[in-house]
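See below for coords.cif, which holds mmCIF, N, CA, C and O atoms.
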data_entry
#
loop_
_atom_site.label_atom_id
_atom_site.label_comp_id
_atom_site.auth_asym_id
_atom_site.auth_seq_id
_atom_site.Cartn_x
_atom_site.Cartn_y
_atom_site.Cartn_z
N MET A 1 -166.98 156.45 89.91
CA MET A 1 -165.81 155.98 89.23
C MET A 1 -165.97 156.21 87.73
O MET A 1 -166.94 155.80 87.12
N MET A 2 -165.00 156.84 87.15
CA MET A 2 -165.06 157.19 85.73
C MET A 2 -163.92 156.50 84.99
O MET A 2 -162.79 156.55 85.41
N VAL A 3 -164.28 155.83 83.89
CA VAL A 3 -163.28 155.14 83.09
C VAL A 3 -162.84 156.06 81.97
O VAL A 3 -163.66 156.60 81.24
N GLN A 4 -161.53 156.23 81.85
CA GLN A 4 -161.00 157.07 80.79
C GLN A 4 -160.19 156.20 79.84
O GLN A 4 -159.23 155.56 80.23
N LEU A 5 -160.65 156.15 78.61
CA LEU A 5 -159.99 155.34 77.59
C LEU A 5 -159.38 156.24 76.54
O LEU A 5 -159.97 157.23 76.11
N THR A 6 -158.21 155.86 76.10
CA THR A 6 -157.56 156.60 75.02
C THR A 6 -158.15 156.11 73.70
O THR A 6 -158.75 155.03 73.63
N PRO A 7 -157.97 156.87 72.64
CA PRO A 7 -158.47 156.43 71.34
C PRO A 7 -157.87 155.08 70.90
O PRO A 7 -158.53 154.27 70.25
N VAL A 8 -156.62 154.83 71.27
CA VAL A 8 -155.99 153.56 70.90
C VAL A 8 -156.69 152.41 71.61
O VAL A 8 -156.96 151.35 71.01
N GLU A 9 -157.04 152.57 72.88
CA GLU A 9 -157.73 151.52 73.63
C GLU A 9 -159.13 151.27 73.06
O GLU A 9 -159.58 150.12 73.00
N VAL A 10 -159.79 152.32 72.64
CA VAL A 10 -161.12 152.16 72.02
C VAL A 10 -161.00 151.39 70.71
O VAL A 10 -161.80 150.49 70.42
N LEU A 11 -159.99 151.72 69.89
CA LEU A 11 -159.79 151.00 68.62
C LEU A 11 -159.43 149.54 68.85
O LEU A 11 -159.89 148.66 68.13
N ILE A 12 -158.62 149.27 69.88
CA ILE A 12 -158.28 147.88 70.21
C ILE A 12 -159.54 147.12 70.63
O ILE A 12 -159.78 145.99 70.18
N GLY A 13 -160.35 147.72 71.47
CA GLY A 13 -161.60 147.09 71.89
C GLY A 13 -162.53 146.85 70.72
O GLY A 13 -163.14 145.77 70.60
N LEU A 14 -162.64 147.82 69.83
CA LEU A 14 -163.48 147.67 68.64
C LEU A 14 -162.93 146.58 67.72
O LEU A 14 -163.70 145.78 67.17
N GLY A 15 -161.60 146.50 67.60
CA GLY A 15 -160.98 145.45 66.79
C GLY A 15 -161.26 144.06 67.36
O GLY A 15 -161.50 143.11 66.62
N ILE A 16 -161.24 143.95 68.68
CA ILE A 16 -161.54 142.66 69.32
C ILE A 16 -162.98 142.26 69.06
O ILE A 16 -163.27 141.10 68.75
N VAL A 17 -163.89 143.21 69.14
CA VAL A 17 -165.31 142.91 68.88
C VAL A 17 -165.50 142.47 67.42
O VAL A 17 -166.21 141.50 67.15
N VAL A 18 -164.85 143.16 66.48
CA VAL A 18 -164.96 142.79 65.07
C VAL A 18 -164.36 141.39 64.83
O VAL A 18 -164.92 140.58 64.10
N ALA A 19 -163.22 141.10 65.46
CA ALA A 19 -162.59 139.80 65.32
C ALA A 19 -163.48 138.69 65.88
O ALA A 19 -163.62 137.62 65.27
N LEU A 20 -164.09 138.91 67.03
CA LEU A 20 -165.01 137.93 67.60
C LEU A 20 -166.20 137.69 66.68
O LEU A 20 -166.64 136.55 66.50
N PHE A 21 -166.73 138.76 66.11
CA PHE A 21 -167.85 138.62 65.18
C PHE A 21 -167.44 137.82 63.94
O PHE A 21 -168.19 136.96 63.47
N ALA A 22 -166.23 138.07 63.42
CA ALA A 22 -165.75 137.34 62.24
C ALA A 22 -165.58 135.85 62.56
O ALA A 22 -165.94 134.99 61.75
N VAL A 23 -165.05 135.53 63.72
CA VAL A 23 -164.89 134.13 64.12
C VAL A 23 -166.25 133.47 64.27
O VAL A 23 -166.45 132.33 63.84
N TRP A 24 -167.20 134.18 64.86
CA TRP A 24 -168.55 133.64 65.04
C TRP A 24 -169.19 133.34 63.68
O TRP A 24 -169.78 132.30 63.47
N ARG A 25 -169.06 134.27 62.72
CA ARG A 25 -169.63 134.07 61.39
C ARG A 25 -168.97 132.90 60.67
O ARG A 25 -169.63 132.10 60.00
N ALA A 26 -167.65 132.79 60.80
CA ALA A 26 -166.94 131.68 60.14
C ALA A 26 -167.38 130.34 60.72
O ALA A 26 -167.57 129.37 59.97
N SER A 27 -167.56 130.28 62.03
CA SER A 27 -168.00 129.01 62.62
C SER A 27 -169.44 128.70 62.22
O SER A 27 -169.79 127.54 62.01
N ALA A 28 -170.26 129.71 62.07
CA ALA A 28 -171.65 129.48 61.64
C ALA A 28 -171.67 128.96 60.20
O ALA A 28 -172.44 128.06 59.87
N ARG A 29 -170.81 129.51 59.35
CA ARG A 29 -170.75 129.03 57.97
C ARG A 29 -170.24 127.60 57.91
O ARG A 29 -170.72 126.79 57.13
N ALA A 30 -169.23 127.30 58.72
CA ALA A 30 -168.70 125.93 58.74
C ALA A 30 -169.77 124.95 59.23
O ALA A 30 -169.89 123.84 58.69
N ALA A 31 -170.53 125.35 60.23
CA ALA A 31 -171.60 124.48 60.73
C ALA A 31 -172.66 124.27 59.65
O ALA A 31 -173.21 123.18 59.50
N HIS A 32 -172.97 125.32 58.89
CA HIS A 32 -173.95 125.21 57.81
C HIS A 32 -173.46 124.26 56.73
O HIS A 32 -174.22 123.41 56.23
N ARG A 33 -172.18 124.37 56.35
CA ARG A 33 -171.62 123.46 55.34
C ARG A 33 -171.64 122.02 55.84
O ARG A 33 -171.96 121.10 55.08
N ALA A 34 -171.32 121.83 57.11
CA ALA A 34 -171.34 120.47 57.67
C ALA A 34 -172.75 119.90 57.68
O ALA A 34 -172.95 118.72 57.37
N SER A 35 -173.74 120.71 58.02
CA SER A 35 -175.11 120.22 58.03
C SER A 35 -175.60 119.91 56.62
O SER A 35 -176.33 118.94 56.41
N GLU A 36 -175.19 120.69 55.64
CA GLU A 36 -175.56 120.41 54.24
C GLU A 36 -174.94 119.10 53.78
O GLU A 36 -175.58 118.30 53.09
N ALA A 37 -173.68 118.86 54.15
CA ALA A 37 -173.02 117.60 53.78
C ALA A 37 -173.71 116.42 54.44
O ALA A 37 -173.88 115.36 53.82
N THR A 38 -174.14 116.59 55.68
CA THR A 38 -174.84 115.52 56.38
C THR A 38 -176.18 115.22 55.71
O THR A 38 -176.55 114.06 55.53
N ARG A 39 -176.90 116.28 55.35
CA ARG A 39 -178.19 116.07 54.67
C ARG A 39 -178.01 115.37 53.33
O ARG A 39 -178.80 114.51 52.96
N ALA A 40 -176.97 115.74 52.59
CA ALA A 40 -176.72 115.10 51.30
C ALA A 40 -176.42 113.62 51.50
O ALA A 40 -176.90 112.77 50.75
N GLY A 41 -175.65 113.29 52.52
CA GLY A 41 -175.35 111.90 52.82
C GLY A 41 -176.59 111.14 53.24
O GLY A 41 -176.79 109.98 52.86
N ALA A 42 -177.44 111.78 54.02
CA ALA A 42 -178.68 111.13 54.46
C ALA A 42 -179.61 110.89 53.28
O ALA A 42 -180.27 109.86 53.19
N ARG A 43 -179.67 111.86 52.36
CA ARG A 43 -180.49 111.68 51.16
C ARG A 43 -179.99 110.50 50.34
O ARG A 43 -180.79 109.71 49.83
N LEU A 44 -178.67 110.37 50.22
CA LEU A 44 -178.11 109.27 49.45
C LEU A 44 -178.43 107.94 50.10
O LEU A 44 -178.83 106.98 49.43
N MET A 45 -178.28 107.84 51.43
CA MET A 45 -178.57 106.59 52.12
C MET A 45 -180.06 106.26 52.05
O MET A 45 -180.43 105.10 51.89
N SER A 46 -180.90 107.27 52.16
CA SER A 46 -182.33 107.05 52.06
C SER A 46 -182.71 106.55 50.67
O SER A 46 -183.50 105.63 50.52
N LEU A 47 -182.12 107.16 49.66
CA LEU A 47 -182.38 106.75 48.29
C LEU A 47 -181.89 105.32 48.06
O LEU A 47 -182.59 104.50 47.46
N THR A 48 -180.71 105.00 48.56
CA THR A 48 -180.17 103.65 48.41
C THR A 48 -181.07 102.63 49.06
O THR A 48 -181.36 101.57 48.49
N GLY A 49 -181.55 102.92 50.26
CA GLY A 49 -182.45 102.00 50.95
C GLY A 49 -183.74 101.78 50.20
O GLY A 49 -184.22 100.64 50.08
N ARG A 50 -184.32 102.86 49.68
CA ARG A 50 -185.56 102.73 48.92
C ARG A 50 -185.37 101.93 47.64
O ARG A 50 -186.21 101.11 47.27
N VAL A 51 -184.24 102.16 46.96
CA VAL A 51 -183.96 101.42 45.73
C VAL A 51 -183.81 99.93 46.04
O VAL A 51 -184.37 99.08 45.33
N LEU A 52 -183.05 99.60 47.09
CA LEU A 52 -182.86 98.19 47.43
C LEU A 52 -184.16 97.52 47.85
O LEU A 52 -184.43 96.37 47.46
N LEU A 53 -184.98 98.21 48.62
CA LEU A 53 -186.26 97.64 49.05
C LEU A 53 -187.19 97.42 47.86
O LEU A 53 -187.82 96.36 47.73
N THR A 54 -187.25 98.39 46.98
CA THR A 54 -188.10 98.25 45.79
C THR A 54 -187.60 97.12 44.89
O THR A 54 -188.40 96.31 44.39
N ALA A 55 -186.29 97.05 44.70
CA ALA A 55 -185.73 95.98 43.87
C ALA A 55 -186.02 94.61 44.48
O ALA A 55 -186.37 93.67 43.76
N ALA A 56 -185.87 94.49 45.79
CA ALA A 56 -186.14 93.21 46.45
C ALA A 56 -187.61 92.82 46.30
O ALA A 56 -187.93 91.64 46.08
N THR A 57 -188.50 93.78 46.41
CA THR A 57 -189.93 93.50 46.25
C THR A 57 -190.24 93.03 44.83
O THR A 57 -190.96 92.04 44.64
N ILE A 58 -189.69 93.72 43.84
CA ILE A 58 -189.93 93.34 42.45
C ILE A 58 -189.39 91.95 42.17
O ILE A 58 -190.06 91.11 41.56
N VAL A 59 -188.16 91.68 42.63
CA VAL A 59 -187.57 90.37 42.41
C VAL A 59 -188.38 89.28 43.10
O VAL A 59 -188.60 88.20 42.54
N GLY A 60 -188.84 89.55 44.31
CA GLY A 60 -189.65 88.56 45.03
C GLY A 60 -190.93 88.22 44.32
O GLY A 60 -191.29 87.04 44.17
N VAL A 61 -191.64 89.23 43.85
CA VAL A 61 -192.91 88.98 43.14
C VAL A 61 -192.63 88.25 41.82
O VAL A 61 -193.35 87.30 41.46
N GLN A 62 -191.60 88.67 41.11
CA GLN A 62 -191.28 87.98 39.86
C GLN A 62 -190.89 86.52 40.11
O GLN A 62 -191.29 85.64 39.36
N TRP A 63 -190.14 86.28 41.15
CA TRP A 63 -189.73 84.91 41.47
C TRP A 63 -190.94 84.02 41.77
O TRP A 63 -191.02 82.89 41.28
N ILE A 64 -191.88 84.55 42.53
CA ILE A 64 -193.08 83.77 42.86
C ILE A 64 -193.86 83.42 41.60
O ILE A 64 -194.30 82.28 41.41
N VAL A 65 -194.01 84.39 40.69
CA VAL A 65 -194.79 84.14 39.47
C VAL A 65 -194.05 83.20 38.53
O VAL A 65 -194.65 82.31 37.92
N ILE A 66 -192.74 83.33 38.42
CA ILE A 66 -191.97 82.47 37.51
C ILE A 66 -191.89 81.04 38.03
O ILE A 66 -191.97 80.08 37.25
N VAL A 67 -191.77 80.87 39.34
CA VAL A 67 -191.68 79.53 39.92
C VAL A 67 -193.00 78.79 39.80
O VAL A 67 -193.03 77.56 39.67
N ASN A 68 -194.12 79.51 39.83
CA ASN A 68 -195.45 78.90 39.71
C ASN A 68 -196.04 79.24 38.35
O ASN A 68 -196.89 80.13 38.24
N PRO A 69 -195.63 78.53 37.28
CA PRO A 69 -196.10 78.88 35.94
C PRO A 69 -197.57 78.49 35.74
O PRO A 69 -198.13 77.75 36.51
N GLY A 70 -198.13 79.03 34.71
CA GLY A 70 -199.50 78.66 34.39
C GLY A 70 -200.25 79.81 33.74
O GLY A 70 -201.02 79.60 32.83
N ASN A 71 -200.06 81.01 34.19
CA ASN A 71 -200.80 82.15 33.67
C ASN A 71 -199.83 83.05 32.90
O ASN A 71 -199.04 83.78 33.48
N THR A 72 -199.89 83.01 31.58
CA THR A 72 -198.97 83.78 30.74
C THR A 72 -199.19 85.28 30.87
O THR A 72 -198.24 86.05 30.88
N VAL A 73 -200.44 85.72 31.00
CA VAL A 73 -200.75 87.15 31.14
C VAL A 73 -200.15 87.69 32.43
O VAL A 73 -199.56 88.78 32.45
N LEU A 74 -200.29 86.94 33.51
CA LEU A 74 -199.71 87.37 34.78
C LEU A 74 -198.19 87.44 34.69
O LEU A 74 -197.57 88.38 35.19
N LEU A 75 -197.57 86.49 34.03
CA LEU A 75 -196.12 86.49 33.86
C LEU A 75 -195.66 87.72 33.07
O LEU A 75 -194.71 88.40 33.45
N LEU A 76 -196.35 88.03 31.99
CA LEU A 76 -196.00 89.21 31.20
C LEU A 76 -196.20 90.50 31.99
O LEU A 76 -195.40 91.43 31.90
N ALA A 77 -197.27 90.56 32.77
CA ALA A 77 -197.52 91.76 33.58
C ALA A 77 -196.43 91.95 34.63
O ALA A 77 -195.94 93.07 34.84
N VAL A 78 -196.04 90.85 35.26
CA VAL A 78 -195.02 90.93 36.31
C VAL A 78 -193.66 91.32 35.73
O VAL A 78 -192.87 91.99 36.38
N LEU A 79 -193.39 90.94 34.51
CA LEU A 79 -192.14 91.33 33.87
C LEU A 79 -192.21 92.71 33.22
O LEU A 79 -191.20 93.41 33.15
N ALA A 80 -193.39 93.12 32.76
CA ALA A 80 -193.52 94.39 32.04
C ALA A 80 -193.58 95.60 32.98
O ALA A 80 -193.01 96.65 32.67
N VAL A 81 -194.26 95.48 34.09
CA VAL A 81 -194.42 96.63 34.99
C VAL A 81 -193.08 97.14 35.51
O VAL A 81 -192.80 98.33 35.43
N PRO A 82 -192.18 96.28 36.01
CA PRO A 82 -190.87 96.79 36.43
C PRO A 82 -190.06 97.38 35.28
O PRO A 82 -189.32 98.34 35.46
N ALA A 83 -190.22 96.82 34.09
CA ALA A 83 -189.53 97.37 32.92
C ALA A 83 -190.02 98.77 32.61
O ALA A 83 -189.22 99.66 32.29
N LEU A 84 -191.31 99.00 32.73
CA LEU A 84 -191.86 100.34 32.51
C LEU A 84 -191.37 101.33 33.57
O LEU A 84 -191.01 102.47 33.27
N LEU A 85 -191.37 100.88 34.82
CA LEU A 85 -190.87 101.75 35.90
C LEU A 85 -189.39 102.08 35.71
O LEU A 85 -188.97 103.23 35.89
N ALA A 86 -188.61 101.10 35.32
CA ALA A 86 -187.19 101.32 35.11
C ALA A 86 -186.95 102.27 33.93
O ALA A 86 -186.11 103.17 34.01
N SER A 87 -187.69 102.08 32.85
CA SER A 87 -187.50 102.96 31.69
C SER A 87 -187.91 104.39 32.01
O SER A 87 -187.25 105.34 31.58
N TYR A 88 -188.97 104.56 32.78
CA TYR A 88 -189.39 105.90 33.20
C TYR A 88 -188.31 106.56 34.05
O TYR A 88 -187.95 107.72 33.83
N THR A 89 -187.75 105.80 35.00
CA THR A 89 -186.72 106.34 35.89
C THR A 89 -185.46 106.70 35.12
O THR A 89 -184.88 107.78 35.33
N VAL A 90 -185.03 105.84 34.21
CA VAL A 90 -183.82 106.12 33.44
C VAL A 90 -184.04 107.32 32.53
O VAL A 90 -183.18 108.19 32.42
N THR A 91 -185.18 107.38 31.88
CA THR A 91 -185.48 108.51 31.01
C THR A 91 -185.49 109.81 31.78
O THR A 91 -184.92 110.82 31.35
N ARG A 92 -186.10 109.79 32.93
CA ARG A 92 -186.15 111.00 33.77
C ARG A 92 -184.77 111.39 34.28
O ARG A 92 -184.43 112.57 34.34
N ALA A 93 -183.96 110.41 34.66
CA ALA A 93 -182.62 110.69 35.16
C ALA A 93 -181.73 111.28 34.07
O ALA A 93 -180.88 112.12 34.35
N LEU A 94 -181.93 110.87 32.85
CA LEU A 94 -181.09 111.36 31.76
C LEU A 94 -181.56 112.69 31.18
O LEU A 94 -180.84 113.30 30.40
N THR A 95 -182.74 113.15 31.56
CA THR A 95 -183.25 114.41 31.02
C THR A 95 -183.37 115.49 32.08
O THR A 95 -184.14 116.43 31.91
N VAL A 96 -182.62 115.41 33.15
CA VAL A 96 -182.68 116.43 34.20
C VAL A 96 -182.10 117.72 33.66
O VAL A 96 -181.02 117.74 33.08
N THR A 97 -182.82 118.82 33.86
CA THR A 97 -182.36 120.11 33.34
C THR A 97 -182.15 121.14 34.44
O THR A 97 -181.75 122.26 34.15
N THR A 98 -182.42 120.81 35.69
CA THR A 98 -182.24 121.76 36.78
C THR A 98 -181.10 121.31 37.67
O THR A 98 -180.74 120.15 37.71
N LEU A 99 -180.56 122.27 38.43
CA LEU A 99 -179.49 121.98 39.37
C LEU A 99 -180.05 121.97 40.78
O LEU A 99 -180.98 122.70 41.10
N ASP A 100 -179.42 121.17 41.67
CA ASP A 100 -179.85 121.09 43.06
C ASP A 100 -179.29 122.23 43.90
O ASP A 100 -179.75 122.51 44.98
N THR A 101 -178.26 122.91 43.38
CA THR A 101 -177.62 123.98 44.14
C THR A 101 -178.23 125.33 43.76
O THR A 101 -178.58 125.56 42.62
N PRO A 102 -178.35 126.23 44.73
CA PRO A 102 -178.90 127.54 44.42
C PRO A 102 -177.94 128.36 43.57
O PRO A 102 -176.72 128.25 43.72
N GLN A 103 -178.48 129.15 42.68
CA GLN A 103 -177.66 129.98 41.80
C GLN A 103 -177.58 131.39 42.37
O GLN A 103 -178.55 131.92 42.90
N ARG A 104 -176.41 131.99 42.26
CA ARG A 104 -176.27 133.37 42.73
C ARG A 104 -176.66 134.31 41.61
O ARG A 104 -176.41 134.07 40.44
N ARG A 105 -177.26 135.40 42.00
CA ARG A 105 -177.65 136.40 41.01
C ARG A 105 -176.45 137.24 40.63
O ARG A 105 -175.64 137.60 41.46
N SER A 106 -176.35 137.56 39.36
CA SER A 106 -175.28 138.45 38.93
C SER A 106 -175.77 139.89 39.08
O SER A 106 -176.96 140.19 39.00
N ARG A 107 -174.84 140.77 39.29
CA ARG A 107 -175.19 142.18 39.51
C ARG A 107 -174.97 143.00 38.26
O ARG A 107 -174.36 144.05 38.28
N ARG A 108 -175.44 142.52 37.15
CA ARG A 108 -175.33 143.27 35.90
C ARG A 108 -176.43 144.31 35.83
O ARG A 108 -177.55 144.07 36.21
N ARG A 109 -176.08 145.42 35.24
CA ARG A 109 -177.09 146.49 35.09
C ARG A 109 -177.16 146.93 33.68
O ARG A 109 -176.38 146.87 32.88
#
Write the structure described by the file as structure tokens, please.
Amino acid sequence: MMVQLTPVEVLIGLGIVVALFAVWRASARAAHRASEATRAGARLMSLTGRVLLTAATIVGVQWIVIVNPGNTVLLLAVLAVPALLASYTVTRALTVTTLDTPQRRSRRR
């Protein structure tokens, strides 16, 4: 059995293959964008959880030391260490010079 195709039928078949490939690529790109958005959301939630846990720990330790007075050096240390950590974090956050997104190369010659 021999199949005889006209040039028009071959072009239609080739067009269908190209269209299927384009749809496949578009869905792969959409899936990639969705996964990137999910990762960004997970990073934000993870960061929020860590910040809240750290803040609760610092407040708890400070509360224990302030409620039980007696040692001035310990009180100053408990108040100074979180202040140093906060100042370091704020300074670092305000001096960020890099971007989280990849940069495309320009094709200048």
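Closest approach to Val65 (chain A) among A:Val78, A:Met2, A:Leu94, A:Leu53 is made by A:Val78 (distances from only C-alpha atoms).
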If we count only C-alpha atoms, what is near Leu75 (chain A) at a cut-off of 8 Å, once residues fewer than 5 positions away on the same chain are taken out, given as a CSV table (one decimal) with N, CA, C and O atoms, in the frame of the given file?
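Result written to selection37.csv:
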chain,number,residue,atom,x,y,z
A,62,GLN,N,-191.6,88.7,41.1
A,62,GLN,CA,-191.3,88.0,39.9
A,62,GLN,C,-190.9,86.5,40.1
A,62,GLN,O,-191.3,85.6,39.4
A,65,VAL,N,-194.0,84.4,40.7
A,65,VAL,CA,-194.8,84.1,39.5
A,65,VAL,C,-194.0,83.2,38.5
A,65,VAL,O,-194.6,82.3,37.9
A,66,ILE,N,-192.7,83.3,38.4
A,66,ILE,CA,-192.0,82.5,37.5
A,66,ILE,C,-191.9,81.0,38.0
A,66,ILE,O,-192.0,80.1,37.2
A,69,PRO,N,-195.6,78.5,37.3
A,69,PRO,CA,-196.1,78.9,35.9
A,69,PRO,C,-197.6,78.5,35.7
A,69,PRO,O,-198.1,77.8,36.5
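Between CA of Leu76 (chain A) and CA of Ala56 (chain A) the interatomic distance comes to 18.6 Å.
Between atom O of Leu20 (chain A) and atom N of Arg39 (chain A) there is a distance of 25.3 Å.
Interatomic distance, CA of Val61 (chain A) against CA of Val81 (chain A): 11.3 Å.
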